[in-house]
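my_file17.cif follows; it contains mmCIF, C-alpha atoms.
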```
data_input
#
loop_
_atom_site.label_atom_id
_atom_site.label_comp_id
_atom_site.auth_asym_id
_atom_site.auth_seq_id
_atom_site.Cartn_x
_atom_site.Cartn_y
_atom_site.Cartn_z
CA MET A 120 -3.33 2.43 -17.75
CA SER A 121 -1.19 1.53 -20.74
CA SER A 122 -2.00 -1.61 -22.70
CA VAL A 123 1.31 -3.09 -21.53
CA SER A 124 0.56 -2.71 -17.82
CA ALA A 125 -3.08 -3.72 -18.32
CA GLY A 126 -1.87 -6.94 -19.95
CA LEU A 127 0.50 -7.59 -17.04
CA LEU A 128 -2.34 -7.07 -14.57
CA LYS A 129 -4.51 -9.60 -16.39
CA THR A 130 -1.67 -12.12 -16.28
CA ALA A 131 -1.32 -11.60 -12.53
CA VAL A 132 -5.01 -11.70 -11.62
CA HIS A 133 -6.70 -14.03 -14.14
CA ASN A 134 -5.90 -17.39 -12.58
CA GLU A 135 -9.24 -19.10 -13.34
CA SER A 136 -11.23 -19.71 -16.51
CA LEU A 137 -13.64 -17.01 -17.65
CA MET A 138 -16.38 -19.65 -17.56
CA THR A 139 -16.10 -20.03 -13.78
CA ARG A 140 -17.60 -17.71 -11.18
CA GLN A 141 -14.15 -16.98 -9.71
CA GLY A 142 -12.76 -16.31 -13.18
CA MET A 143 -15.53 -13.79 -13.89
CA LEU A 144 -14.86 -12.04 -10.56
CA GLN A 145 -11.14 -11.90 -11.30
CA ARG A 146 -11.87 -10.14 -14.59
CA MET A 147 -14.22 -7.71 -12.88
CA PHE A 148 -11.49 -6.92 -10.36
CA SER A 149 -8.80 -6.36 -13.00
CA LEU A 150 -11.12 -3.90 -14.79
CA TRP A 151 -11.72 -2.06 -11.51
CA PHE A 152 -8.06 -2.18 -10.47
CA ASN A 153 -7.11 -0.78 -13.88
CA GLY A 154 -7.13 2.69 -12.34
CA PHE A 155 -5.83 4.88 -9.53
CA VAL A 156 -6.53 2.74 -6.45
CA TYR A 157 -4.17 3.83 -3.65
CA ASN A 158 -3.08 7.32 -2.63
CA GLN A 159 -0.82 5.84 0.07
CA ILE A 160 0.39 2.37 1.03
CA TRP A 161 -1.42 0.55 3.85
CA GLU A 162 1.48 -1.65 4.98
CA ASP A 163 3.31 -0.34 8.03
CA PRO A 164 6.90 0.51 7.04
CA GLU A 165 8.16 0.40 10.63
CA VAL A 166 7.20 -3.28 10.80
CA ASP A 167 8.74 -3.87 7.36
CA ILE A 168 12.03 -2.26 8.32
CA GLU A 169 12.26 -4.25 11.54
CA ALA A 170 11.54 -7.50 9.69
CA LEU A 171 13.91 -6.77 6.80
CA GLU A 172 16.88 -6.04 9.12
CA LEU A 173 18.27 -3.51 6.68
CA THR A 174 21.97 -2.73 6.44
CA PRO A 175 23.91 -0.20 4.31
CA GLU A 176 24.53 -3.09 1.85
CA SER A 177 20.85 -4.07 1.49
CA ARG A 178 19.49 -4.22 -2.05
CA ILE A 179 15.69 -4.04 -1.86
CA PHE A 180 13.20 -5.27 -4.44
CA THR A 181 9.67 -4.02 -3.73
CA ILE A 182 6.27 -3.43 -5.26
CA SER A 183 5.92 0.33 -5.63
CA SER A 184 2.19 0.95 -5.07
CA GLY A 185 1.87 4.63 -4.05
CA GLY A 186 5.60 5.07 -3.50
CA CYS A 187 5.53 6.13 0.15
CA ASN A 188 7.08 2.98 1.58
CA LEU A 189 10.03 2.89 -0.77
CA LEU A 190 10.81 6.42 0.48
CA ASN A 191 10.32 5.21 4.05
CA TYR A 192 12.87 2.45 3.34
CA LEU A 193 15.22 5.02 1.79
CA VAL A 194 15.37 6.76 5.19
CA GLU A 195 17.45 3.74 6.28
CA LYS A 196 19.99 4.38 3.47
CA PRO A 197 20.13 0.93 1.85
CA GLU A 198 22.46 0.48 -1.11
CA LYS A 199 19.66 0.20 -3.67
CA ILE A 200 15.86 0.08 -4.00
CA VAL A 201 14.18 -1.33 -7.11
CA ALA A 202 10.44 -0.62 -7.26
CA VAL A 203 8.16 -2.30 -9.80
CA ASP A 204 4.42 -2.17 -10.32
CA LEU A 205 1.84 -3.43 -12.81
CA ASN A 206 -0.30 -0.37 -12.25
CA GLN A 207 0.83 2.63 -14.31
CA TYR A 208 -1.33 4.94 -12.17
CA HIS A 209 0.57 4.00 -9.03
CA MET A 210 3.89 4.27 -10.80
CA ASN A 211 3.01 7.80 -11.94
CA LEU A 212 2.37 8.74 -8.31
CA THR A 213 5.66 7.13 -7.27
CA ARG A 214 7.61 8.98 -9.94
CA LEU A 215 5.91 12.23 -9.01
CA LYS A 216 7.08 11.77 -5.41
CA LEU A 217 10.62 11.04 -6.53
CA ALA A 218 10.73 14.05 -8.86
CA SER A 219 9.21 16.27 -6.15
CA LEU A 220 11.76 15.16 -3.58
CA GLU A 221 14.59 15.80 -6.00
CA HIS A 222 13.48 19.12 -7.50
CA LEU A 223 11.22 21.02 -5.09
CA PRO A 224 13.28 23.74 -3.40
CA ASP A 225 12.83 22.84 0.28
CA TYR A 226 11.19 20.66 2.90
CA LYS A 227 8.15 22.91 3.28
CA SER A 228 7.25 22.73 -0.40
CA PHE A 229 7.64 18.94 -0.31
CA PHE A 230 5.49 18.58 2.80
CA ASP A 231 2.86 20.93 1.37
CA PHE A 232 2.66 18.69 -1.68
CA PHE A 233 2.34 15.27 0.00
CA GLY A 234 1.76 16.00 3.70
CA LEU A 235 -0.97 18.63 3.40
CA ALA A 236 -1.70 17.84 -0.27
CA ASP A 237 -4.33 20.59 -0.45
CA GLN A 238 -2.46 23.87 -1.02
CA PRO A 239 -3.20 26.01 -4.13
CA HIS A 240 0.50 26.84 -4.54
CA ASN A 241 1.22 23.13 -5.02
CA ILE A 242 0.02 23.53 -8.60
CA GLU A 243 2.36 26.46 -9.20
CA ASN A 244 5.25 24.49 -7.72
CA TYR A 245 4.40 21.53 -9.90
CA HIS A 246 4.68 23.56 -13.08
CA GLN A 247 7.80 25.43 -11.97
CA TYR A 248 9.86 22.69 -10.35
CA ILE A 249 8.48 19.22 -11.11
CA GLN A 250 6.90 19.12 -14.56
CA PRO A 251 10.14 19.73 -16.52
CA HIS A 252 11.63 16.59 -14.99
CA LEU A 253 8.75 14.18 -15.72
CA ASP A 254 8.57 12.04 -18.83
CA SER A 255 5.70 12.57 -21.28
CA THR A 256 3.69 9.64 -19.87
CA ALA A 257 3.73 11.05 -16.34
CA ARG A 258 2.97 14.59 -17.54
CA ASP A 259 0.01 13.37 -19.57
CA PHE A 260 -1.29 11.41 -16.60
CA TRP A 261 -1.24 14.38 -14.23
CA GLU A 262 -2.15 17.15 -16.69
CA LYS A 263 -4.38 15.61 -19.34
CA GLY A 264 -6.02 12.31 -18.51
CA SER A 265 -9.23 11.35 -20.29
CA ILE A 266 -11.15 13.50 -22.77
CA ILE A 267 -13.77 14.14 -20.09
CA ARG A 268 -11.10 15.33 -17.64
CA ARG A 269 -9.64 17.69 -20.21
CA ALA A 270 -13.07 19.06 -21.13
CA THR A 271 -14.07 19.69 -17.51
CA GLY A 272 -10.66 20.89 -16.34
CA LYS A 273 -10.56 18.17 -13.66
CA THR A 274 -6.97 17.17 -14.25
CA ARG A 275 -5.36 14.89 -11.68
CA ILE A 276 -2.70 17.39 -10.68
CA LYS A 277 -5.50 19.44 -9.11
CA TYR A 278 -5.88 16.72 -6.50
CA PHE A 279 -2.95 18.41 -4.76
CA LYS A 280 -4.91 21.59 -4.05
CA LYS A 281 -8.05 19.70 -2.94
CA ASN A 282 -6.41 17.00 -0.76
CA LEU A 283 -4.88 14.07 -2.63
CA TYR A 284 -6.16 11.75 0.11
CA TYR A 285 -9.77 12.37 -0.92
CA TYR A 286 -9.01 10.81 -4.30
CA ALA A 287 -8.13 7.49 -5.92
CA ARG A 288 -10.58 4.63 -5.51
CA PHE A 289 -9.55 4.10 -1.90
CA GLY A 290 -9.98 7.77 -0.97
CA ARG A 291 -13.39 8.01 -2.60
CA PHE A 292 -14.55 4.86 -0.82
CA MET A 293 -13.37 6.26 2.51
CA ARG A 294 -15.23 9.51 1.79
CA LEU A 295 -18.39 7.45 1.26
CA LEU A 296 -17.94 5.85 4.68
CA HIS A 297 -17.42 9.28 6.24
CA ARG A 298 -20.66 10.53 4.64
CA ILE A 299 -22.51 7.55 6.07
CA SER A 300 -21.05 8.30 9.52
CA LYS A 301 -22.38 11.86 9.30
CA MET A 302 -25.81 10.58 8.25
CA THR A 303 -25.85 8.24 11.24
CA LYS A 304 -24.59 10.97 13.64
CA TYR A 305 -21.37 9.18 14.55
CA LYS A 306 -18.14 11.17 14.86
CA PRO A 307 -15.11 8.89 14.37
CA GLU A 308 -12.84 11.96 14.04
CA ARG A 309 -13.20 12.42 17.84
CA LEU A 310 -10.60 9.68 18.10
CA LEU A 311 -7.90 12.09 16.94
CA GLN A 312 -8.33 14.19 20.10
CA ALA A 313 -7.80 11.29 22.50
CA LYS A 314 -4.92 11.64 24.95
CA THR A 315 -4.63 8.02 26.11
CA ILE A 316 -5.29 4.49 24.86
CA GLU A 317 -8.15 4.32 27.38
CA GLU A 318 -9.78 7.36 25.78
CA GLN A 319 -9.30 5.81 22.34
CA GLU A 320 -11.09 2.65 23.48
CA LYS A 321 -13.96 4.66 24.95
CA ILE A 322 -14.40 6.72 21.77
CA PHE A 323 -14.23 3.56 19.66
CA GLN A 324 -17.11 2.04 21.62
CA GLU A 325 -19.15 5.25 21.35
CA GLU A 326 -18.48 6.46 17.82
CA ILE A 327 -17.05 3.65 15.71
CA ALA A 328 -18.19 0.19 16.84
CA PRO A 329 -21.94 1.01 16.52
CA PHE A 330 -21.32 2.30 12.99
CA PHE A 331 -20.89 -1.30 11.82
CA ASP A 332 -24.43 -2.16 12.94
CA ASN A 333 -26.00 0.27 10.47
CA TRP A 334 -27.89 -1.50 7.68
CA LEU A 335 -26.26 0.60 4.97
CA VAL A 336 -22.76 -0.10 6.27
CA LYS A 337 -23.56 -3.81 6.32
CA LYS A 338 -24.80 -3.66 2.75
CA VAL A 339 -21.81 -1.67 1.47
CA GLY A 340 -19.35 -3.81 3.43
CA ASN A 341 -20.57 -6.97 1.74
CA MET A 342 -20.52 -5.56 -1.80
CA ARG A 343 -17.84 -6.90 -4.14
CA LEU A 344 -17.23 -3.40 -5.50
CA ALA A 345 -16.52 -2.17 -1.99
CA VAL A 346 -13.71 -4.64 -1.39
CA PHE A 347 -12.42 -4.03 -4.92
CA SER A 348 -12.12 -0.35 -3.97
CA LEU A 349 -9.86 -1.39 -1.11
CA GLY A 350 -7.64 -3.21 -3.64
CA ILE A 351 -8.80 -6.63 -2.43
CA PRO A 352 -8.97 -9.20 -5.29
CA PRO A 353 -11.50 -12.06 -5.33
CA GLN A 354 -8.97 -14.54 -3.92
CA GLN A 355 -8.39 -12.37 -0.84
CA HIS A 356 -12.12 -11.78 -0.45
CA GLU A 357 -12.69 -15.54 -0.28
CA PHE A 358 -9.94 -15.92 2.35
CA MET A 359 -11.55 -13.18 4.44
CA LYS A 360 -15.01 -14.76 4.21
CA GLU A 361 -13.56 -18.09 5.25
CA GLU A 362 -11.69 -16.59 8.22
CA SER A 363 -14.79 -14.68 9.38
CA GLN A 364 -17.12 -17.64 8.72
CA GLY A 365 -19.09 -15.42 6.39
CA ASN A 366 -19.38 -12.50 8.83
CA LEU A 367 -17.26 -9.90 7.06
CA ILE A 368 -18.70 -7.02 9.07
CA SER A 369 -17.45 -8.60 12.29
CA LEU A 370 -14.01 -8.99 10.71
CA TYR A 371 -13.98 -5.34 9.60
CA ARG A 372 -15.04 -4.20 13.07
CA GLU A 373 -12.24 -6.10 14.77
CA ARG A 374 -9.57 -4.82 12.39
CA VAL A 375 -10.78 -1.25 12.76
CA ARG A 376 -10.71 -1.72 16.53
CA HIS A 377 -7.05 -2.74 16.21
CA LEU A 378 -6.40 0.38 14.14
CA ALA A 379 -8.25 2.66 16.57
CA CYS A 380 -7.26 1.27 19.95
CA ASP A 381 -4.02 -0.69 19.95
CA PHE A 382 -1.58 2.15 19.21
CA PRO A 383 -1.27 5.75 20.44
CA ILE A 384 -3.22 7.97 18.08
CA GLN A 385 -0.48 10.60 18.31
CA THR A 386 1.86 8.46 16.18
CA ASN A 387 -0.48 6.29 14.09
CA TYR A 388 -0.77 8.02 10.73
CA PHE A 389 -2.86 5.12 9.38
CA ALA A 390 -5.55 5.93 11.93
CA TRP A 391 -5.38 9.63 11.00
CA GLN A 392 -5.91 8.72 7.36
CA GLY A 393 -8.70 6.29 8.20
CA PHE A 394 -10.64 8.66 10.46
CA SER A 395 -9.88 12.03 8.86
CA LEU A 396 -8.26 11.44 5.43
CA ARG A 397 -5.23 13.52 6.40
CA TYR A 398 -2.02 13.46 8.43
CA ASP A 399 -1.26 15.27 11.67
CA SER A 400 0.29 18.31 10.02
CA GLU A 401 0.37 20.32 13.26
CA ASN A 402 2.44 18.07 15.51
CA LEU A 403 4.05 15.89 12.80
CA GLY A 404 3.80 12.82 15.04
CA ALA A 405 1.33 10.94 12.87
CA VAL A 406 3.07 11.29 9.51
CA PRO A 407 5.18 8.79 7.52
CA ALA A 408 8.93 8.91 8.07
CA TYR A 409 9.56 10.26 4.58
CA LEU A 410 7.55 13.38 5.45
CA LYS A 411 9.39 14.16 8.69
CA PRO A 412 11.71 17.18 8.50
CA GLU A 413 14.68 15.39 10.08
CA ASN A 414 14.77 12.89 7.18
CA TYR A 415 14.40 15.33 4.28
CA ASP A 416 18.06 16.13 3.56
CA ASP A 417 19.16 12.48 3.64
CA LEU A 418 16.30 11.42 1.37
CA LYS A 419 17.12 14.14 -1.12
CA ALA A 420 20.80 13.18 -1.10
CA ASN A 421 20.07 9.49 -1.68
CA ILE A 422 17.30 9.69 -4.28
CA GLY A 423 19.67 8.24 -6.90
CA ARG A 424 19.57 4.88 -5.11
CA VAL A 425 15.98 4.28 -6.33
CA GLU A 426 14.95 2.92 -9.72
CA THR A 427 11.41 2.20 -10.97
CA HIS A 428 9.93 -0.10 -13.61
CA VAL A 429 6.43 -0.86 -14.90
CA THR A 430 6.65 -4.63 -15.12
CA SER A 431 5.79 -7.78 -13.19
CA LEU A 432 7.78 -9.21 -10.31
CA ILE A 433 8.71 -12.33 -12.26
CA ASP A 434 9.63 -10.55 -15.48
CA TYR A 435 11.96 -8.17 -13.67
CA LEU A 436 13.66 -10.91 -11.68
CA LYS A 437 14.20 -13.01 -14.79
CA SER A 438 16.27 -10.16 -16.22
CA GLN A 439 18.57 -9.96 -13.18
CA PRO A 440 21.83 -11.82 -12.48
CA ASP A 441 22.25 -14.39 -9.73
CA ASN A 442 22.90 -13.12 -6.20
CA SER A 443 22.00 -9.52 -7.01
CA LEU A 444 19.25 -8.69 -4.45
CA ASP A 445 18.73 -9.57 -0.80
CA ARG A 446 15.52 -7.94 0.46
CA PHE A 447 12.11 -8.63 -1.10
CA VAL A 448 8.85 -6.83 -0.25
CA PHE A 449 5.81 -8.41 -1.92
CA LEU A 450 3.02 -6.47 -0.12
CA ASP A 451 -0.11 -8.66 -0.49
CA SER A 452 0.68 -10.01 -3.96
CA GLN A 453 1.09 -13.62 -2.80
CA ASP A 454 -2.69 -13.77 -2.26
CA TRP A 455 -3.18 -12.87 -5.92
CA MET A 456 -1.16 -15.81 -7.22
CA ASN A 457 -1.94 -19.48 -7.72
CA ALA A 458 0.57 -22.24 -6.94
CA GLU A 459 2.08 -22.19 -10.44
CA VAL A 460 2.79 -18.44 -10.36
CA LEU A 461 4.08 -18.58 -6.79
CA THR A 462 6.48 -21.35 -7.79
CA ALA A 463 7.76 -19.31 -10.72
CA LEU A 464 8.27 -16.25 -8.51
CA TRP A 465 10.03 -17.99 -5.63
CA THR A 466 12.24 -19.92 -8.05
CA GLN A 467 13.52 -16.55 -9.24
CA VAL A 468 13.91 -15.31 -5.66
CA ALA A 469 16.05 -18.38 -4.88
CA ARG A 470 18.25 -17.61 -7.88
CA VAL A 471 18.51 -13.82 -7.59
CA GLY A 472 18.65 -13.67 -3.80
CA LYS A 473 21.97 -13.48 -1.97
CA PRO A 474 22.79 -15.51 1.14
CA GLY A 475 20.96 -13.84 4.00
CA THR A 476 18.01 -12.84 1.81
CA ARG A 477 14.85 -11.81 3.65
CA ILE A 478 11.35 -11.79 2.14
CA ILE A 479 8.21 -10.23 3.62
CA PHE A 480 4.57 -10.08 2.58
CA ARG A 481 1.07 -9.80 3.99
CA THR A 482 -2.04 -11.92 3.51
CA ALA A 483 -5.76 -11.42 3.97
CA SER A 484 -5.95 -14.50 6.20
CA ILE A 485 -3.64 -15.74 8.94
CA ASP A 486 -1.95 -18.47 6.91
CA SER A 487 0.96 -18.21 4.48
CA PRO A 488 0.34 -19.77 1.04
CA ILE A 489 4.05 -20.58 0.80
CA GLU A 490 3.55 -23.40 3.29
CA THR A 491 1.20 -25.26 0.95
CA ASP A 492 1.78 -24.02 -2.60
CA LEU A 493 5.52 -24.40 -3.26
CA PRO A 494 7.04 -27.73 -4.35
CA PRO A 495 8.94 -29.39 -1.46
CA GLU A 496 12.39 -28.95 -3.06
CA LEU A 497 11.82 -25.22 -3.49
CA ARG A 498 10.08 -24.73 -0.14
CA LYS A 499 13.01 -26.18 1.83
CA LEU A 500 15.30 -23.39 0.60
CA PHE A 501 13.45 -20.85 2.74
CA VAL A 502 13.09 -20.61 6.52
CA TYR A 503 9.73 -19.38 7.79
CA GLU A 504 10.19 -17.14 10.84
CA GLU A 505 6.70 -17.87 12.05
CA GLU A 506 6.93 -16.66 15.64
CA ARG A 507 8.72 -13.47 14.61
CA SER A 508 6.05 -12.93 11.95
CA LYS A 509 3.27 -13.20 14.51
CA GLU A 510 5.09 -10.86 16.87
CA LEU A 511 5.54 -8.16 14.24
CA TYR A 512 1.98 -8.59 12.94
CA GLN A 513 0.76 -7.35 16.32
CA LYS A 514 2.85 -4.20 15.86
CA ASP A 515 1.42 -3.33 12.42
CA ARG A 516 -0.45 -0.05 12.88
CA SER A 517 -2.49 -0.24 9.67
CA ALA A 518 -4.56 -3.26 10.78
CA ILE A 519 -5.68 -4.03 7.22
CA TYR A 520 -4.42 -7.60 6.82
CA GLY A 521 -4.86 -10.91 8.62
CA GLY A 522 -1.25 -12.08 8.47
CA PHE A 523 2.35 -10.88 8.14
CA HIS A 524 5.06 -13.30 7.02
CA ILE A 525 8.85 -13.33 7.06
CA TYR A 526 10.99 -15.82 5.14
CA ALA A 527 14.78 -16.02 5.08
CA MET A 528 17.23 -17.76 2.78
CA PRO A 529 20.29 -18.33 4.95
CA SER A 530 22.36 -20.18 2.33
CA LYS A 531 22.48 -20.54 -1.43
CA PRO A 532 21.70 -23.83 -3.21
CA ASN A 533 23.77 -25.00 -6.13
CA SER A 534 20.63 -25.24 -8.22
CA VAL A 535 16.89 -24.90 -7.89
CA ASN A 536 14.73 -27.78 -9.03
CA ALA A 537 11.17 -26.54 -8.69
#
```
Let me see the file written as structure tokens.
Amino acid sequence: MSSVSAGLLKTAVHNESLMTRQGMLQRMFSLWFNGFVYNQIWEDPEVDIEALELTPESRIFTISSGGCNLLNYLVEKPEKIVAVDLNQYHMNLTRLKLASLEHLPDYKSFFDFFGLADQPHNIENYHQYIQPHLDSTARDFWEKGSIIRRATGKTRIKYFKKNLYYYARFGRFMRLLHRISKMTKYKPERLLQAKTIEEQEKIFQEEIAPFFDNWLVKKVGNMRLAVFSLGIPPQQHEFMKEESQGNLISLYRERVRHLACDFPIQTNYFAWQGFSLRYDSENLGAVPAYLKPENYDDLKANIGRVETHVTSLIDYLKSQPDNSLDRFVFLDSQDWMNAEVLTALWTQVARVGKPGTRIIFRTASIDSPIETDLPPELRKLFVYEEERSKELYQKDRSAIYGGFHIYAMPSKPNSVNA
């Protein structure tokens, strides 16, 4: 990661003094997160789109992460999407997806690259069609990397002939869990062959639920490094421990049960990634919307509506005029922030947001920090759609988080006194 983005990450994560236990953990997390963490986003875009109530005039401001959800939003043809991220690794993946969509010759080559992500000809297509359109930073990231990578020939672009979804910190952690399942003789991949929800529940009880009783799984599941690999900062980890009353394994088991049993496996691409590290490339039911053939032409035609920036949420918003955006997607970033940073961010949202603005985010626990951390004068500018949030949380197929939250700003104040 560049020194610029590394500095932005420290600003976002380091909310406590180095001399405190929490401050030390925050610094450990920022060092670990200073890398390629996610190969796909684990927030369900179908829930996002329903909550955002997108129109052709919508102007979306979102955290980029791996770039898949901004393309899923683009399927809806909003007027504009601005994607920012502190993590240069994730932005390089996002920009690779955008360049691939724009310059690969057809749907099949695009799906081979990001749907299958394991075809040898992906590398040839990269050099022929994509590389000439990347800036030097992105090219160096995918083709050069560290001295060790260059010496061993293990450049990142080769992920796309070995299965991208095996890689990044998240992918490697999931591969570890799959190795443990093989050692313990459980077969979670059986879930992908289920025909009904009842079969999914039966397979969960036979192949997945007992997995969490294994001593090694319990040990790994309680390790700080394990949750860091899932992109969970210390603040979120504390929320999860509090919610589970210290029994994190029980919390993991319940969320995986939601992933495995509450939605048809034929359409839940999060479950396919979780239990097989791939998409359903045969039937194309369990794949993200941006990888479906019926959306390819529209996405390609509208790629110019997307812009990307390596910066923080607050810094970008400070540079924007009043009333210039109306949809905000903050992923799980609100858990990362203390009350002071949240106040600074939502002050900018109140200024930059248009009437009718909608804001969504997820949290590790059930509760929204906005209810307690914003000053009263700022908080009253936003309407919390609590019941709608709970309703849509139940529809989220990824099952990673404890809460989903929707806020709206129905009218514009004359000024914001935070």
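Ranking A:Phe292, A:Ala218, A:Lys280, A:Asp167 by their shortest atom-to-atom distance to A:His240, with all atoms listed in the file included, puts A:Lys280 first.
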Item to complete: Apply the PyMOL selection byres ((chain A and resi 196-201) around 7) to the file shown and report the selected residues as a VMD selection string.
Response: chain A and resid 173 to 181 193 to 195 202 to 203 424 to 427
Would you mind exporting C-alpha atoms of the selected residues as a compact mmCIF listing (two decimals), keeping the file's coordinate frame?
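Saved the output as selection-v5.txt:
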```
# COMPACT_ATOMS: atom_id res chain seq x y z
CA LEU A 173 18.27 -3.51 6.68
CA THR A 174 21.97 -2.73 6.44
CA PRO A 175 23.91 -0.20 4.31
CA GLU A 176 24.53 -3.09 1.85
CA SER A 177 20.85 -4.07 1.49
CA ARG A 178 19.49 -4.22 -2.05
CA ILE A 179 15.69 -4.04 -1.86
CA PHE A 180 13.20 -5.27 -4.44
CA THR A 181 9.67 -4.02 -3.73
CA LEU A 193 15.22 5.02 1.79
CA VAL A 194 15.37 6.76 5.19
CA GLU A 195 17.45 3.74 6.28
CA ALA A 202 10.44 -0.62 -7.26
CA VAL A 203 8.16 -2.30 -9.80
CA ARG A 424 19.57 4.88 -5.11
CA VAL A 425 15.98 4.28 -6.33
CA GLU A 426 14.95 2.92 -9.72
CA THR A 427 11.41 2.20 -10.97
```
Worksheet item: Hey, what comes out of the PyMOL selection byres ((chain A and resi 299-308) around 7) on this file? Could you write it as a VMD selection string?
Response: chain A and resid 295 to 298 309 to 311 326 to 327 330 394 to 395
What's the 7 Å shell around A:Leu436, counting all atoms listed in the file, without same-chain residues fewer than 3 positions away, as a compact mmCIF listing (two decimals) with C-alpha atoms, keeping the file's coordinate frame?
```txt
# COMPACT_ATOMS: atom_id res chain seq x y z
CA LEU A 432 7.78 -9.21 -10.31
CA ILE A 433 8.71 -12.33 -12.26
CA GLN A 439 18.57 -9.96 -13.18
CA GLN A 467 13.52 -16.55 -9.24
CA VAL A 471 18.51 -13.82 -7.59
```
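Rounded to one decimal, atom CA of A:Lys263 and atom CA of A:Asn158 lie 18.7 Å from each other.
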Worksheet entry | Selection: 10 Å around stretch 384-387 of chain A, only C-alpha atoms, excl. self and same-chain fewer than 2 positions, as JSON, numbers by chain | {"A": [163, 310, 311, 312, 313, 314, 315, 316, 319, 378, 379, 380, 381, 382, 389, 390, 391, 392, 398, 399, 402, 403, 404, 405, 406, 407, 515, 516, 517]}
Dump as a PDB file, in the frame of the given file, selection limited to C-alpha atoms:
```pdb
ATOM      1  CA  ASP A 163       3.310  -0.340   8.030  1.00  0.00           C
ATOM      2  CA  LEU A 310     -10.600   9.680  18.100  1.00  0.00           C
ATOM      3  CA  LEU A 311      -7.900  12.090  16.940  1.00  0.00           C
ATOM      4  CA  GLN A 312      -8.330  14.190  20.100  1.00  0.00           C
ATOM      5  CA  ALA A 313      -7.800  11.290  22.500  1.00  0.00           C
ATOM      6  CA  LYS A 314      -4.920  11.640  24.950  1.00  0.00           C
ATOM      7  CA  THR A 315      -4.630   8.020  26.110  1.00  0.00           C
ATOM      8  CA  ILE A 316      -5.290   4.490  24.860  1.00  0.00           C
ATOM      9  CA  GLN A 319      -9.300   5.810  22.340  1.00  0.00           C
ATOM     10  CA  LEU A 378      -6.400   0.380  14.140  1.00  0.00           C
ATOM     11  CA  ALA A 379      -8.250   2.660  16.570  1.00  0.00           C
ATOM     12  CA  CYS A 380      -7.260   1.270  19.950  1.00  0.00           C
ATOM     13  CA  ASP A 381      -4.020  -0.690  19.950  1.00  0.00           C
ATOM     14  CA  PHE A 382      -1.580   2.150  19.210  1.00  0.00           C
ATOM     15  CA  PHE A 389      -2.860   5.120   9.380  1.00  0.00           C
ATOM     16  CA  ALA A 390      -5.550   5.930  11.930  1.00  0.00           C
ATOM     17  CA  TRP A 391      -5.380   9.630  11.000  1.00  0.00           C
ATOM     18  CA  GLN A 392      -5.910   8.720   7.360  1.00  0.00           C
ATOM     19  CA  TYR A 398      -2.020  13.460   8.430  1.00  0.00           C
ATOM     20  CA  ASP A 399      -1.260  15.270  11.670  1.00  0.00           C
ATOM     21  CA  ASN A 402       2.440  18.070  15.510  1.00  0.00           C
ATOM     22  CA  LEU A 403       4.050  15.890  12.800  1.00  0.00           C
ATOM     23  CA  GLY A 404       3.800  12.820  15.040  1.00  0.00           C
ATOM     24  CA  ALA A 405       1.330  10.940  12.870  1.00  0.00           C
ATOM     25  CA  VAL A 406       3.070  11.290   9.510  1.00  0.00           C
ATOM     26  CA  PRO A 407       5.180   8.790   7.520  1.00  0.00           C
ATOM     27  CA  ASP A 515       1.420  -3.330  12.420  1.00  0.00           C
ATOM     28  CA  ARG A 516      -0.450  -0.050  12.880  1.00  0.00           C
ATOM     29  CA  SER A 517      -2.490  -0.240   9.670  1.00  0.00           C
TER      30      SER A 517
END
```
List, as a PDB file with C-alpha atoms, in the frame of the given file, every residue that the PyMOL selection byres ((chain A and resi 475) around 6) selects in the file provided.
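Contents of part.pdb, freshly written:
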```pdb
ATOM      1  CA  PRO A 474      22.790 -15.510   1.140  1.00  0.00           C
ATOM      2  CA  THR A 476      18.010 -12.840   1.810  1.00  0.00           C
ATOM      3  CA  MET A 528      17.230 -17.760   2.780  1.00  0.00           C
ATOM      4  CA  PRO A 529      20.290 -18.330   4.950  1.00  0.00           C
TER       5      PRO A 529
END
```
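Using all atoms listed in the file, the shortest contact distance between A:Glu172 and any of A:Pro224, A:Phe447, A:Pro494, A:Arg376 is found at A:Phe447.
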Response to the item:
A straight line from atom CA of A:Asn241 to atom CA of A:Ala420 spans 22.3 Å
With all atoms of stretch 395-410 of chain A from the file as input, state the centre and edge lengths in Å to one decimal of the axis-aligned box that has 4 Å extra on each side, as JSON.
```
{"center_x": -0.2, "center_y": 14.6, "center_z": 10.0, "size_x": 27.4, "size_y": 19.5, "size_z": 18.9}
```
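Take the candidates A:Leu367, A:Glu221, A:Lys273, A:Lys227 and check each one against A:Gln250 using only C-alpha atoms; the shortest distance goes to A:Glu221.
The space between atom CA of A:Arg397 and atom CA of A:Ile322 spans 19.1 Å.
Omitting A:Ala518 and its sequence neighbours fewer than 5 positions away, and counting only C-alpha atoms, the residues within 8 Å are Arg374, Val375, His377 and Leu378 of chain A.
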Worksheet item: Could you tell me, as a ChimeraX atom specification, which residues have any atom at most 9 Å from (-2.5, -14.6, 9.8), counting all atoms listed in the file?
Response: /A:481-487,508-509,512,520-524
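Proximity to A:Asp434 was assessed for A:Asn421, A:Asn366, A:Asp204, A:Ile242 counting only C-alpha atoms; the smallest distance is recorded for A:Asp204.
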Which residues of stretch 372-478 of chain A come within 10 Å of stretch 497-500 of chain A, and what is each one's closest atom pair and distance in Å (one decimal), counting only C-alpha atoms, sorted by chain and residue number, as CSV?
```
residue,atom,partner,partner_atom,distance
A:Thr462,CA,A:Leu497,CA,7.9
A:Trp465,CA,A:Leu497,CA,7.7
A:Thr466,CA,A:Leu497,CA,7.0
A:Ala469,CA,A:Leu500,CA,7.5
```
